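K.L.:
I am attaching a structure below and will ask some questions about it afterwards.
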Amino acid sequence: MTDVIVIGAGPAGLSAAAVAAEKGLNVLVIDEYMKPGGRLLGQLYEEPDGSWWNGIEESAKLFNRAAEAGVTIKLQTPVNNIETTADGIWSVYTEEETFVTRHLLIATGAAEAPVPVPGWTLPGVMSVGAAQVMTNVHRVKPGNRGVIIGINVLSAAIAMELKLAGVEVASLSLPGKNSMTEESADPRKVLNSLLHVSHMAPSPLVRFGSRFLQNDIMKKLGVSFFPKNGVKMWDIPVQLRKAVIEIYGENEVEGVVMANVTSDGEVIKGTEERITADFVCIAGGLYPLAELAAVAGCPFYLIDELGGYVPLHNEQMETTLKGLYVAGNITGIEGAKVAAAQGTTAGLTIARNSGIHGLVKEIQLAIQSIKQTRDNASIQFHPEVKKGREIIQEKWEEHARALEGTGSEVTSEAEAGG
Amino acid sequence: MSGRITDHPVLGKLPETRFVTFSFNNQEYEGAEGDSIAAALLANGIRTLRYHEESGSPRGIYCNIGHCFECRVTVDGEPGVRACLTPVKEGMTVESSGKLPSPVRDWRPEND
Ligand SMILES: Cc1cc2nc3c(=O)[nH]c(=O)nc-3n(C[C@H](O)[C@H](O)[C@H](O)COP(=O)(O)OP(=O)(O)OC[C@H]3O[C@@H](n4cnc5c(N)ncnc54)[C@H](O)[C@@H]3O)c2cc1C
Ligand code: FES
């Protein structure tokens, strides 16, 4: 039996694995992707101090540290299911083998929400993250000229990465309004959310928008006065007053139909125009990828500030189930540095729970370090992420009080029979 | 046409790699060792990986990281393999899964 199993070799999983192994545990990391690093691999942006955050180099550092500590990393191995047995042991099922452990960390990261736009199943339409991976990890152009549907921090960052790689981005614009796209199709909400992201927001937008930020009426004016042809960010038109209402093409993408929209996002009839493109990216935002925690039986809460449903967990990264931990974007959507800090905390908690003494102080510092990293983050997916963290912590405390009330120490002890 | 990004202002030059030969729908292509099947095909200008089982409409990658299964192909006889997660290998045979045969026989002469 392995002391610790980690599902996911992203910044959270690799950091946890390295720390646990450095404390003397034997650790197995399982990941379905071809390379270690998770979604960190594709990241590439300029830090406020002018240095570059290069995901490939950062992934290599994390991988080397884990490997040097003696961590075993099994790639190209999807985990299909996990299950706890009566004696407090977790079984991890993959197609070929089943692994068992007493301490299981789920660090499966995030997934991108789709935005259904007519024509979105045509070859050449992909999620914005797909274009990022194609460009920065595989070093293959997703196409020559693209349109990005959905204006948010991630799509703005990736638009710049495409440009850097010599791929033309014809436009960043909104999706047409329908029941599925409400928020992301409303120019006011989009402008508002962009203005809240500290250094990452495309600066011309900030310069333009902040003049109108004072109150709601002014914000609406900001959108109303938003230039019809958009403002340019790294030479890419950002079009808050245009929406893509259709993607067209015979067998593959040939272009999009774009129309002007009102400041509420309603399409203005008669303004439709065709824009040619050989690929289209859809940016619907990220949500925590938590299926495995769900099948394990973790309680979940919908917390919009964290990007969706998250499994209940505490600051030490323990879930309510004995021997089951979570870290990284499965606990809420944030940048890779926060994910890594959460992984470090999880690794230390696992070491302590495995009977290694003298870690209390170190765990406290690690928790502090997550908060500091969050405060200094140059990329923030949700402006209210701290509020989201408070909500989950309150839920945990409620849960702990409820248990005290019933006199049982930990539900998971009872459920796991341990 | 899409192509490889050989020079990148931040990531630098593309590291030297060995090229492997594989086939897709009975045509031979070259791919860089370490490429996913999806990336190797796109570098050759190919986006369409399969045809939808019912409608027959063409499909390519969507998420590129294993979540959506839009990129499933048959590799060395094994169906349902995700092209975005599987590295190309020398001599690999990749095939599009196609429209499934209709369960109701269509008697029109052009289908004979
Ligand atoms: C498409 C995409 C693009 C992103 N781009 C950026 C960006 O540009 N900048 C930024 O700051 N943040 C970005 N993020 C956010 C990103 O999630 C965090 O920055 C960080 O990578 C989260 O780390 P993690 O360790 O929690 O998860 P990840 O880095 O996502 O790693 C999770 C790993 O788990 C593996 N996995 C998942 N499920 C299974 C399973 N069932 N079996 C086996 N393995 C599994 C995956 O293959 C993956 O390698 C992006 C996220 C996504 C989804
Ligand atoms: S493109 Fe989504 S699984 Fe391969």
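Going through the structure tokens in order, the chains are called A, B, and so on, while each chain numbers its residues from 1 and the ligands are numbered from 1 in the order shown.
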For Cys84 of chain B, please output as number ranges by chain all residues within 6 Å (counting only C-alpha atoms; exclusion window: fewer than 2 positions along the same chain).
P.N.:
B: 36, 38, 64, 82, 86
K.L.:
As a quick test: using only C-alpha atoms and all ligand atoms, which residues lie no more than 12 Å away from ligand 2? Give them as a VMD selection string.
P.N.:
(chain A and resid 32 to 33 78 111 to 112 114 121 123 to 131 133 to 134) or (chain B and resid 36 to 39 47 to 50 59 to 73 80 to 86)
K.L.:
What does the file look like for those residues with C-alpha atoms, as a tab-separated table (two decimals), in the first residue's frame?
P.N.:
```tsv
chain	number	residue	atom	x	y	z
A	32	GLU	CA	-4.42	11.35	-17.16
A	33	TYR	CA	-2.48	13.94	-19.15
A	78	PRO	CA	-7.35	8.38	-15.88
A	111	ALA	CA	-12.79	22.66	-16.30
A	112	GLU	CA	-14.14	25.23	-18.74
A	114	PRO	CA	-19.14	25.73	-22.58
A	121	THR	CA	-19.73	21.94	-32.92
A	123	PRO	CA	-14.27	21.69	-36.28
A	124	GLY	CA	-12.21	24.79	-35.53
A	125	VAL	CA	-14.39	25.84	-32.59
A	126	MET	CA	-12.61	25.15	-29.32
A	127	SER	CA	-12.49	26.31	-25.75
A	128	VAL	CA	-10.10	29.19	-25.14
A	129	GLY	CA	-8.00	26.89	-22.93
A	130	ALA	CA	-7.70	24.45	-25.84
A	131	ALA	CA	-6.13	27.21	-27.93
A	133	VAL	CA	-2.56	24.46	-24.77
A	134	MET	CA	-2.23	24.07	-28.55
B	36	SER	CA	-0.67	14.54	-29.05
B	37	ILE	CA	-2.46	12.97	-32.01
B	38	ALA	CA	-4.68	16.09	-32.15
B	39	ALA	CA	-1.69	18.48	-32.24
B	47	ARG	CA	-9.08	19.62	-37.82
B	48	THR	CA	-11.77	17.07	-38.48
B	49	LEU	CA	-11.17	14.01	-36.31
B	50	ARG	CA	-14.45	12.15	-36.63
B	59	ARG	CA	-16.14	17.11	-35.23
B	60	GLY	CA	-12.74	18.23	-33.99
B	61	ILE	CA	-11.15	18.96	-30.62
B	62	TYR	CA	-13.06	21.13	-28.17
B	63	CYS	CA	-11.32	21.22	-24.76
B	64	ASN	CA	-7.91	19.74	-25.74
B	65	ILE	CA	-7.38	18.47	-22.16
B	66	GLY	CA	-9.43	15.31	-21.89
B	67	HIS	CA	-12.74	16.58	-20.54
B	68	CYS	CA	-15.22	16.60	-23.42
B	69	PHE	CA	-14.47	13.41	-25.44
B	70	GLU	CA	-15.19	15.30	-28.69
B	71	CYS	CA	-11.83	14.14	-30.07
B	72	ARG	CA	-12.35	10.40	-29.76
B	73	VAL	CA	-10.72	8.30	-32.49
B	80	GLY	CA	-12.89	5.80	-28.10
B	81	VAL	CA	-9.33	7.02	-27.57
B	82	ARG	CA	-8.98	10.75	-26.84
B	83	ALA	CA	-6.73	12.29	-29.52
B	84	CYS	CA	-5.87	15.24	-27.28
B	85	LEU	CA	-4.40	13.02	-24.53
B	86	THR	CA	-2.60	10.39	-26.59
```
K.L.:
For chain A against chain B, which residues fall within 10 Å using only C-alpha atoms, given as an NGL selection string?
P.N.:
:A and (32-35 or 38-39 or 44-45 or 52-57 or 76 or 78 or 111-114 or 120-145 or 161 or 164-167 or 250-253 or 278-279 or 281-282 or 289)
K.L.:
Hey, which of A:Phe63, A:Phe99, A:Trp396, A:Phe381 ends up closest to ligand 1? Count only C-alpha atoms and all ligand atoms.
P.N.:
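The closest residue to ligand 1 is A:Phe381.
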K.L.:
With only C-alpha atoms and all ligand atoms as the atoms that count, which of A:Thr77, A:Gln368, A:Thr345, A:Thr101 lies nearest to ligand 1?
P.N.:
A:Thr77
K.L.:
Which residues, written as a ChimeraX atom specification, have at least one atom at most 8 Å from Val75 of chain B, with only C-alpha atoms counted and residues fewer than 3 positions away on the same chain left out?
P.N.:
/B:78-79,81,92-95
K.L.:
Could you write out that same residue set with N, CA and C atoms as an mmCIF file, in the first residue's frame?
P.N.:
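To be explicit, this is the file written out as selection-v6.cif:
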```cif
data_model
loop_
_atom_site.group_PDB
_atom_site.id
_atom_site.type_symbol
_atom_site.label_atom_id
_atom_site.label_comp_id
_atom_site.auth_asym_id
_atom_site.auth_seq_id
_atom_site.Cartn_x
_atom_site.Cartn_y
_atom_site.Cartn_z
ATOM 1 N N GLU B 78 -8.272 0.283 -31.297
ATOM 2 C CA GLU B 78 -9.020 0.533 -30.069
ATOM 3 C C GLU B 78 -9.883 1.794 -30.209
ATOM 4 N N PRO B 79 -11.202 1.645 -30.132
ATOM 5 C CA PRO B 79 -12.067 2.805 -30.313
ATOM 6 C C PRO B 79 -12.143 3.682 -29.065
ATOM 7 N N VAL B 81 -10.556 6.474 -28.152
ATOM 8 C CA VAL B 81 -9.328 7.018 -27.567
ATOM 9 C C VAL B 81 -9.313 8.537 -27.772
ATOM 10 N N MET B 92 1.814 4.256 -35.728
ATOM 11 C CA MET B 92 0.459 4.234 -35.158
ATOM 12 C C MET B 92 -0.590 4.374 -36.265
ATOM 13 N N THR B 93 -1.693 3.640 -36.092
ATOM 14 C CA THR B 93 -2.791 3.770 -37.042
ATOM 15 C C THR B 93 -3.960 4.461 -36.365
ATOM 16 N N VAL B 94 -4.336 5.618 -36.882
ATOM 17 C CA VAL B 94 -5.431 6.391 -36.293
ATOM 18 C C VAL B 94 -6.563 6.457 -37.309
ATOM 19 N N GLU B 95 -7.780 6.207 -36.842
ATOM 20 C CA GLU B 95 -8.924 6.282 -37.748
ATOM 21 C C GLU B 95 -10.061 7.067 -37.118
#
```
K.L.:
Take atom CA of Ile236 of chain A and atom 52 (C, counted along the ligand's line) of ligand 1 and report the distance between them in Å, one decimal.
P.N.:
22.1 Å
K.L.:
For the atom pair atom CA of Lys242 of chain A and atom 19 (O, counted along the ligand's line) of ligand 1, what is the interatomic distance in Å to one decimal place?
P.N.:
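Rounded to one decimal, the two atoms are 28.9 Å apart.
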